[in-house]
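Data file: run-v9.txt. Format and content: compact mmCIF, C-alpha atoms.
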# COMPACT_ATOMS: atom_id res chain seq x y z
CA MET A 1 38.76 33.95 -37.33
CA TRP A 2 41.60 35.51 -35.36
CA SER A 3 42.08 34.90 -31.63
CA CYS A 4 41.96 37.73 -29.09
CA THR A 5 45.77 37.63 -28.69
CA LYS A 6 46.38 37.95 -32.39
CA SER A 7 43.78 40.67 -32.87
CA ARG A 8 45.08 42.72 -29.95
CA LYS A 9 48.58 42.54 -31.36
CA HIS A 10 47.31 44.40 -34.41
CA LEU A 11 44.85 46.80 -32.74
CA ASN A 12 47.25 49.76 -32.75
CA ALA A 13 48.17 49.41 -36.41
CA TYR A 14 44.51 48.88 -37.27
CA MET A 15 43.48 52.05 -35.44
CA ASP A 16 46.27 54.01 -37.13
CA GLY A 17 45.21 52.76 -40.56
CA GLU A 18 48.56 51.03 -41.03
CA LEU A 19 47.28 47.49 -41.43
CA PRO A 20 46.90 45.91 -44.89
CA GLU A 21 43.32 45.55 -46.12
CA ARG A 22 43.12 41.78 -45.58
CA LYS A 23 44.36 41.94 -41.98
CA SER A 24 42.10 44.91 -41.26
CA ARG A 25 39.07 42.85 -42.27
CA LEU A 26 40.17 40.05 -39.95
CA VAL A 27 40.50 42.50 -37.03
CA GLU A 28 37.10 43.99 -37.81
CA ARG A 29 35.50 40.57 -37.90
CA HIS A 30 37.03 39.75 -34.53
CA LEU A 31 35.94 43.06 -32.97
CA ALA A 32 32.39 42.55 -34.16
CA GLY A 33 32.18 39.35 -32.13
CA CYS A 34 34.36 40.11 -29.09
CA PRO A 35 33.12 42.74 -26.58
CA THR A 36 36.35 42.54 -24.53
CA CYS A 37 38.59 43.44 -27.46
CA LEU A 38 36.08 46.03 -28.61
CA SER A 39 36.21 47.77 -25.25
CA LYS A 40 40.01 47.75 -25.43
CA PHE A 41 39.79 49.25 -28.91
CA ASP A 42 37.41 51.96 -27.64
CA GLY A 43 39.90 52.72 -24.90
CA LEU A 44 42.67 53.21 -27.45
CA ARG A 45 40.47 55.50 -29.50
CA GLY A 46 39.65 57.49 -26.40
CA LEU A 47 43.25 58.62 -26.05
CA ALA A 48 43.20 61.06 -28.97
CA PRO A 49 40.68 63.51 -27.48
CA LEU A 50 42.47 63.31 -24.14
CA LEU A 51 45.81 64.23 -25.65
CA GLU A 52 44.24 67.27 -27.26
CA LYS A 53 43.83 68.66 -23.75
CA ASP A 54 47.57 69.33 -23.56
CA GLU A 55 47.86 73.06 -24.15
CA LEU A 56 50.38 74.50 -26.60
CA PRO A 57 51.79 77.98 -25.96
CA PRO A 58 52.61 80.14 -29.00
CA VAL A 59 56.13 80.25 -30.40
CA PRO A 60 58.14 82.67 -28.19
CA ALA A 61 58.28 86.10 -29.77
CA GLY A 62 62.03 86.53 -30.10
CA LEU A 63 62.89 82.96 -31.05
CA SER A 64 63.35 83.39 -34.80
CA ALA A 65 65.29 86.63 -34.27
CA ARG A 66 67.63 84.81 -31.88
CA ILE A 67 68.16 81.99 -34.37
CA LEU A 68 68.87 84.39 -37.22
CA ALA A 69 71.26 86.49 -35.12
CA GLU A 70 73.22 83.38 -34.14
CA ALA A 71 73.21 82.20 -37.78
CA ALA A 72 74.55 85.57 -38.96
CA PHE A 73 77.25 85.45 -36.30
CA ARG A 74 78.33 81.96 -37.36
CA GLN A 75 78.34 82.92 -41.01
CA LYS A 76 80.49 85.96 -40.26
CA HIS A 77 82.87 83.85 -38.20
CA LYS A 78 83.15 81.32 -41.04
CA GLU A 79 83.92 84.05 -43.57
CA ALA A 80 86.50 85.61 -41.24
CA GLN A 81 88.22 82.23 -40.97
CA LYS A 82 88.22 81.89 -44.75
CA THR A 83 89.84 85.28 -45.29
CA SER A 84 92.42 84.80 -42.53
CA GLY A 85 93.60 81.57 -44.11
CA TRP A 86 93.01 79.61 -40.87
CA GLU A 87 90.01 77.81 -42.30
CA TRP A 88 91.87 74.51 -42.20
CA LEU A 89 91.88 74.75 -38.39
CA GLY A 90 88.17 74.01 -38.45
CA PHE A 91 88.97 70.71 -40.14
CA LEU A 92 90.98 69.65 -37.09
CA PHE A 93 87.92 69.90 -34.89
CA GLN A 94 85.64 67.73 -36.98
CA PRO A 95 83.86 65.33 -34.58
CA TRP A 96 84.91 62.25 -36.58
CA LEU A 97 88.54 63.36 -36.57
CA VAL A 98 88.52 64.03 -32.82
CA ARG A 99 86.93 60.63 -32.18
CA GLY A 100 89.41 58.91 -34.50
CA ALA A 101 92.40 60.61 -32.87
CA THR A 102 91.14 59.66 -29.39
CA THR A 103 90.68 56.03 -30.41
CA ALA A 104 94.12 55.90 -32.04
CA ALA A 105 95.78 57.40 -28.93
CA LEU A 106 94.01 54.85 -26.76
CA ILE A 107 95.15 51.93 -28.93
CA VAL A 108 98.76 53.17 -29.03
CA GLY A 109 98.72 53.66 -25.23
CA LEU A 110 97.38 50.15 -24.65
CA ALA A 111 99.91 48.63 -27.07
CA MET A 112 102.82 50.44 -25.37
CA GLY A 113 101.57 49.40 -21.93
CA ALA A 114 101.32 45.77 -23.06
CA LEU A 115 104.85 45.90 -24.56
CA MET A 116 106.35 47.39 -21.42
CA GLY A 117 104.58 44.85 -19.26
CA TRP A 118 105.85 42.02 -21.47
CA THR A 119 109.50 43.11 -21.32
CA SER A 120 109.56 43.93 -17.59
CA TYR A 121 108.94 40.31 -16.49
CA PRO A 122 112.07 38.07 -16.50
CA ARG A 123 111.56 35.13 -18.81
CA PRO A 124 112.52 31.65 -17.55
CA ASP A 125 115.82 31.71 -19.47
CA SER A 126 116.76 35.32 -18.66
CA ALA A 127 118.46 34.76 -15.24
CA GLN A 128 120.46 31.69 -16.13
CA TRP A 129 123.75 33.59 -16.39
CA MET A 130 123.61 34.34 -12.64
CA THR A 131 125.17 31.76 -10.32
CA THR A 132 123.47 30.73 -7.09
CA ASN A 133 125.92 32.81 -5.06
CA GLU A 134 125.23 35.85 -7.18
CA ASN A 135 121.53 35.39 -6.58
CA VAL A 136 122.14 35.18 -2.84
CA ALA A 137 124.30 38.30 -3.05
CA ARG A 138 121.49 40.04 -4.84
CA ASN A 139 119.14 39.03 -2.04
CA MET A 140 121.67 40.31 0.47
CA TYR A 141 121.75 43.58 -1.33
CA ALA A 142 118.01 43.72 -0.95
CA PHE A 143 118.55 43.55 2.80
CA ASP A 144 121.04 46.40 2.70
CA VAL A 145 118.62 48.59 4.59
CA LEU A 146 119.24 46.39 7.60
CA GLY A 147 122.97 47.17 7.58
CA ALA A 148 122.83 49.31 10.68
CA GLU A 149 121.16 46.65 12.81
CA PRO A 150 122.02 46.53 16.49
CA ARG A 151 123.91 43.47 17.66
CA GLY A 152 121.61 40.68 18.89
CA SER A 153 118.51 41.98 17.04
CA ILE A 154 116.25 39.92 14.72
CA GLU A 155 117.66 41.77 11.75
CA ALA A 156 121.22 40.78 12.72
CA ALA A 157 120.13 37.15 13.16
CA THR A 158 118.52 37.15 9.71
CA LEU A 159 121.66 38.48 8.07
CA ALA A 160 123.80 35.94 9.95
CA LEU A 161 121.58 33.12 8.67
CA LEU A 162 121.86 34.37 5.10
CA ASP A 163 125.65 34.58 5.47
CA ASP A 164 125.73 30.97 6.71
CA GLY A 165 123.75 29.83 3.71
CA ARG A 166 126.37 31.31 1.38
CA MET B 167 66.62 90.03 -50.46
CA PRO B 168 67.65 87.73 -53.28
CA ASP B 169 65.07 85.56 -54.99
CA CYS B 170 64.42 82.47 -52.90
CA PRO B 171 63.31 79.21 -54.46
CA GLU B 172 60.09 77.96 -52.86
CA ASN B 173 61.10 74.35 -52.55
CA ASP B 174 62.56 73.53 -49.10
CA GLU B 175 65.24 71.25 -50.51
CA LEU B 176 66.43 73.96 -52.89
CA LEU B 177 66.28 76.53 -50.10
CA LEU B 178 68.53 74.38 -47.95
CA GLN B 179 70.99 73.96 -50.78
CA ALA B 180 71.01 77.74 -51.17
CA VAL B 181 71.76 78.01 -47.43
CA GLY B 182 74.70 75.67 -48.03
CA ARG B 183 76.05 78.22 -50.52
CA GLY B 184 75.90 80.89 -47.79
CA ASP B 185 72.49 82.42 -48.57
CA LEU B 186 71.19 83.64 -45.20
CA ALA B 187 67.97 84.96 -46.75
CA ALA B 188 67.11 81.38 -47.68
CA PHE B 189 67.85 80.33 -44.11
CA SER B 190 65.57 83.05 -42.80
CA ARG B 191 62.82 81.74 -45.10
CA ILE B 192 63.32 78.20 -43.76
CA VAL B 193 63.08 79.43 -40.16
CA GLU B 194 59.97 81.40 -40.94
CA ARG B 195 58.33 78.41 -42.60
CA HIS B 196 59.19 75.68 -40.16
CA GLN B 197 59.57 77.20 -36.73
CA THR B 198 55.94 76.65 -35.77
CA TRP B 199 55.88 72.91 -36.21
CA ALA B 200 59.43 72.56 -34.88
CA TRP B 201 58.26 74.40 -31.77
CA ARG B 202 55.17 72.22 -31.57
CA VAL B 203 57.20 68.98 -31.58
CA ALA B 204 59.80 70.29 -29.14
CA TYR B 205 57.22 71.72 -26.73
CA ARG B 206 54.95 68.68 -26.85
CA PHE B 207 57.97 66.54 -26.09
CA THR B 208 59.54 68.61 -23.31
CA GLY B 209 56.50 70.38 -21.85
CA ASN B 210 58.81 73.27 -21.03
CA GLU B 211 59.18 76.53 -22.98
CA ASP B 212 62.87 77.09 -22.23
CA ASP B 213 63.90 73.57 -23.18
CA ALA B 214 61.74 73.66 -26.30
CA SER B 215 63.27 77.01 -27.36
CA ASP B 216 66.76 75.59 -26.90
CA ILE B 217 65.91 72.53 -28.97
CA VAL B 218 64.37 74.57 -31.79
CA GLN B 219 67.29 77.00 -31.89
CA GLU B 220 69.86 74.19 -31.86
CA ALA B 221 67.93 72.29 -34.54
CA PHE B 222 67.97 75.25 -36.94
CA LEU B 223 71.65 75.93 -36.27
CA ARG B 224 72.51 72.29 -36.91
CA LEU B 225 70.57 72.56 -40.12
CA LEU B 226 72.69 75.59 -41.02
CA ASP B 227 75.92 73.75 -40.21
CA ALA B 228 74.86 70.67 -42.18
CA SER B 229 73.47 72.61 -45.14
CA GLY B 230 76.80 72.48 -46.99
CA ARG B 231 76.74 68.69 -46.89
CA TYR B 232 73.01 68.34 -47.59
CA ARG B 233 72.03 66.29 -50.63
CA PRO B 234 68.33 66.23 -51.51
CA THR B 235 68.00 62.44 -51.28
CA ALA B 236 65.53 62.72 -48.40
CA LYS B 237 62.64 65.12 -48.01
CA PHE B 238 63.49 68.26 -46.10
CA ARG B 239 60.86 67.57 -43.45
CA THR B 240 62.07 64.04 -42.83
CA TYR B 241 65.61 65.36 -42.51
CA PHE B 242 64.55 68.06 -40.07
CA TYR B 243 62.35 65.70 -38.05
CA GLN B 244 65.43 63.53 -37.61
CA ILE B 245 67.46 66.45 -36.28
CA ILE B 246 64.74 67.53 -33.86
CA SER B 247 64.10 63.96 -32.70
CA ARG B 248 67.79 63.43 -31.96
CA LEU B 249 67.92 66.68 -30.00
CA CYS B 250 64.76 65.81 -28.06
CA LEU B 251 66.14 62.41 -27.08
CA ASP B 252 69.52 63.94 -26.14
CA GLN B 253 67.76 66.49 -23.99
CA ALA B 254 65.73 63.74 -22.30
CA LYS B 255 68.92 61.83 -21.52
CA LYS B 256 70.32 64.91 -19.80
CA LYS B 257 67.13 65.51 -17.86
CA ARG B 258 66.19 61.92 -17.10
CA LEU B 259 66.72 62.11 -13.36
CA LEU B 260 65.06 65.48 -13.10
CA LEU B 261 62.00 64.26 -14.99
CA LEU B 262 61.60 61.26 -12.71
CA GLU B 263 61.72 63.50 -9.69
CA THR B 264 59.44 66.24 -10.90
CA VAL B 265 56.41 64.58 -12.45
CA PRO B 266 53.88 67.21 -11.39
CA ASP B 267 51.29 66.25 -8.82
CA ILE B 268 47.73 66.18 -9.99
CA PRO B 269 45.83 68.62 -7.77
CA ASP B 270 42.78 67.43 -5.82
CA PRO B 271 39.57 68.72 -7.33
CA SER B 272 37.96 71.32 -5.07
CA PRO B 273 34.16 71.63 -4.83
CA ASP B 274 33.99 75.12 -6.42
CA ILE B 275 36.01 74.16 -9.46
CA THR B 276 35.52 76.28 -12.56
CA ASP B 277 35.77 75.26 -16.20
CA THR B 278 39.12 76.94 -16.60
CA MET B 279 40.52 75.20 -13.58
CA MET B 280 39.14 71.92 -14.81
CA ARG B 281 40.77 72.44 -18.21
CA ARG B 282 44.06 73.35 -16.62
CA GLU B 283 43.89 70.37 -14.37
CA ASN B 284 43.22 68.06 -17.30
CA ALA B 285 46.03 69.63 -19.28
CA SER B 286 48.46 69.16 -16.42
CA ALA B 287 47.32 65.55 -16.02
CA VAL B 288 47.97 64.87 -19.71
CA ARG B 289 51.33 66.62 -19.41
CA ALA B 290 52.25 64.52 -16.37
CA ALA B 291 51.21 61.35 -18.19
CA LEU B 292 53.32 62.28 -21.22
CA ASP B 293 56.29 63.17 -19.04
CA ALA B 294 56.05 59.80 -17.33
CA LEU B 295 56.62 57.98 -20.63
CA PRO B 296 60.11 56.85 -21.65
CA PRO B 297 61.53 59.40 -24.14
CA ASN B 298 61.27 57.28 -27.29
CA GLN B 299 57.67 56.28 -26.54
CA ARG B 300 56.81 59.92 -25.79
CA LEU B 301 58.36 61.08 -29.04
CA ALA B 302 56.50 58.41 -31.03
CA ILE B 303 53.22 59.50 -29.39
CA VAL B 304 53.95 63.17 -30.09
CA LEU B 305 54.77 62.53 -33.74
CA ARG B 306 51.72 60.31 -34.20
CA TYR B 307 49.07 62.34 -32.37
CA TYR B 308 50.23 65.92 -32.75
CA GLU B 309 52.07 65.74 -36.07
CA ASN B 310 49.88 63.06 -37.59
CA LEU B 311 52.86 61.21 -39.07
CA GLY B 312 52.56 57.69 -40.44
CA TYR B 313 54.64 54.77 -39.17
CA GLU B 314 57.17 55.13 -42.01
CA GLU B 315 57.78 58.79 -41.26
CA ILE B 316 58.05 58.21 -37.51
CA ALA B 317 60.46 55.34 -38.13
CA SER B 318 62.57 57.59 -40.30
CA ALA B 319 62.59 60.39 -37.70
CA LEU B 320 63.53 58.00 -34.90
CA GLU B 321 65.92 56.08 -37.17
CA THR B 322 64.23 52.76 -36.46
CA THR B 323 61.83 50.29 -38.12
CA THR B 324 58.07 50.53 -38.59
CA LYS B 325 57.64 47.43 -36.42
CA ALA B 326 59.54 49.15 -33.62
CA VAL B 327 57.32 52.22 -34.04
CA GLU B 328 54.22 50.04 -33.72
CA ARG B 329 55.60 48.57 -30.49
CA LEU B 330 56.59 52.00 -29.12
CA LEU B 331 53.11 53.36 -29.80
CA ALA B 332 51.39 50.31 -28.31
CA ARG B 333 53.44 50.51 -25.11
CA GLY B 334 53.11 54.28 -24.90
CA ARG B 335 49.34 54.12 -25.27
CA GLU B 336 49.08 51.35 -22.72
CA ARG B 337 51.01 53.42 -20.24
CA LEU B 338 49.07 56.60 -20.95
CA ARG B 339 45.84 54.74 -20.39
CA ASP B 340 47.15 53.38 -17.10
CA VAL B 341 48.23 56.80 -15.85
CA LEU B 342 45.20 58.75 -17.07
CA GLY B 343 42.81 55.94 -16.19
CA ARG B 344 43.73 56.32 -12.52
CA ARG B 345 41.95 59.66 -12.49
CA GLU B 346 38.30 59.36 -11.65
CA ASN B 347 35.95 60.63 -14.41
CA PHE B 348 38.90 61.54 -16.58
CA PHE B 349 39.10 58.64 -18.91
CA GLN B 350 35.81 58.78 -20.68
CA PHE B 351 35.63 56.95 -23.94
CA PRO B 352 33.87 58.87 -26.68
CA SER B 353 31.21 56.19 -26.66
CA GLY B 354 31.19 52.55 -25.80
CA GLY B 355 30.46 49.16 -27.21
CA PHE B 356 29.58 47.94 -30.58
CA SER B 357 27.62 51.06 -31.54
CA ALA B 358 30.86 53.06 -31.39
CA PHE B 359 32.59 50.53 -33.54
CA THR B 360 29.86 50.51 -36.15
CA ARG B 361 29.79 54.31 -36.21
CA LEU B 362 33.52 54.31 -36.76
CA LYS B 363 33.19 51.99 -39.69
CA GLU B 364 30.49 54.05 -41.37
Translate the structure described by the file into structure tokens.
Amino acid sequence: MWSCTKSRKHLNAYMDGELPERKSRLVERHLAGCPTCLSKFDGLRGLAPLLEKDELPPVPAGLSARILAEAAFRQKHKEAQKTSGWEWLGFLFQPWLVRGATTAALIVGLAMGALMGWTSYPRPDSAQWMTTNENVARNMYAFDVLGAEPRGSIEAATLALLDDGR
Amino acid sequence: MPDCPENDELLLQAVGRGDLAAFSRIVERHQTWAWRVAYRFTGNEDDASDIVQEAFLRLLDASGRYRPTAKFRTYFYQIISRLCLDQAKKKRLLLLETVPDIPDPSPDITDTMMRRENASAVRAALDALPPNQRLAIVLRYYENLGYEEIASALETTTKAVERLLARGRERLRDVLGRRENFFQFPSGGFSAFTRLKE
């Protein structure tokens, strides 16, 4: 005989008549001897009459007319496109094509970004042609903004130190 | 009006060839149950109207590509189900905020008021379900579909449908069971079970 856990697992399918014959008999046998599971089963069965209490209004009067009017409009629009020879434009706005184009643009963008990032970093061997002095000069150039420093200021002292180093 | 074939699948193929009379016949035939599913799911006339209209127009757009490999109804249930779930996604926050309050019963309550109150309680309980559980319950109880058909409409497996229904029922019982005197089983105990089996 099935346990309560196993029977309860199949109660819904049993109630809906979706359980194979053999399993149905096992559930029935369990229910006949288990008041707890039987009360649970009764509770499940009790839902159907409750759900019937949800009221259903009639189909709105103008609904089908609205649908048919919109359908006629679309049909007319389609035919107008056919006769104007611009029918192929509709092809461009197919959802799958739009999605595909978006994905392709994203991939190309990412690839270009990665390529630009890769080439913008100096590789270990790329600066070897510059001598030490040239590197210092480059650093000096970076401090060019301090060119108008007043005598005796921190900026002037910094530039003097860099000059000494050269 | 040109002669319309009676079979839904043939009608839809005729629509695909541009036959609007066939489309009109399809609308006439299926709008009632389409409305029923959409309204039971949304509980709102405007939303249900929008879903039904969009479902028929999608059917019109897809008619050119339709191949009668699946039954028309199954195909249409799929369209409506997708639209219902999309609509629920859009309205998720709103639904959580506006589950209607169940009014307190007053001493001089009439039958009509009682019925309305019960209907609104059922509506609130249905609205409180997650969309896929609600749709499974609607298709099972109001459309009387089997697990296979529900699975096909929801594009899932029969096992998943069984789980959705079990969870949905559990939740409905919890919500409705909180109301005093509301959850009355048709009859209790073993006698009910034996009557059922007869």
Tell me, as an NGL selection string, which residues lie within 9 Å of Ile67 (chain A), counting all atoms listed in the file; anything in the same chain fewer than 5 positions away does not count. (:A and (62 or 72)) or (:B and (190 or 193 or 218-220 or 222-223))
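Residues in contact range of Glu328 (chain B), defined as at most 12 Å between all atoms listed in the file, with sequence neighbours fewer than 5 positions away removed, read Lys9, His10, Leu11, Asn12, Ala13, Tyr14, Met15, Asp16, Gly17, Glu18 and Leu19 of chain A; Asn298, Gln299, Ala302, Ile303, Arg306, Gly312, Tyr313, Glu314, Ile316, Ala317, Thr322, Thr323, Arg333, Gly334 and Arg335 of chain B.
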Kindly determine which residues of chain A lie within 6 Å of chain B, considering all atoms listed in the file, and give the answer as a tab-separated table (two decimals) with C-alpha atoms, keeping the file's coordinate frame.
chain	number	residue	atom	x	y	z
A	46	GLY	CA	39.65	57.49	-26.40
A	53	LYS	CA	43.83	68.66	-23.75
A	54	ASP	CA	47.57	69.33	-23.56
A	67	ILE	CA	68.16	81.99	-34.37
Which one is closest to Arg29 (chain A): A:Gln75, A:Gln81, A:Ser7, A:Ser64? Count only C-alpha atoms.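 Among the listed residues, the smallest separation from Arg29 (chain A) belongs to A:Ser7.
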Which residues, written as a JSON list (two decimals) with C-alpha atoms, keeping the file's coordinate frame, have at least one atom at most 10 Å from Cys37 (chain A), with all atoms listed in the file counted and residues fewer than 4 positions away on the same chain left out?
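result_12.json written:
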[["chain", "number", "residue", "atom", "x", "y", "z"],
["A", 4, "CYS", "CA", 41.96, 37.73, -29.09],
["A", 5, "THR", "CA", 45.77, 37.63, -28.69],
["A", 7, "SER", "CA", 43.78, 40.67, -32.87],
["A", 8, "ARG", "CA", 45.08, 42.72, -29.95],
["A", 11, "LEU", "CA", 44.85, 46.80, -32.74],
["A", 27, "VAL", "CA", 40.50, 42.50, -37.03],
["A", 30, "HIS", "CA", 37.03, 39.75, -34.53],
["A", 31, "LEU", "CA", 35.94, 43.06, -32.97],
["A", 32, "ALA", "CA", 32.39, 42.55, -34.16],
["A", 33, "GLY", "CA", 32.18, 39.35, -32.13],
["A", 41, "PHE", "CA", 39.79, 49.25, -28.91],
["A", 42, "ASP", "CA", 37.41, 51.96, -27.64],
["A", 43, "GLY", "CA", 39.90, 52.72, -24.90],
["B", 355, "GLY", "CA", 30.46, 49.16, -27.21]]
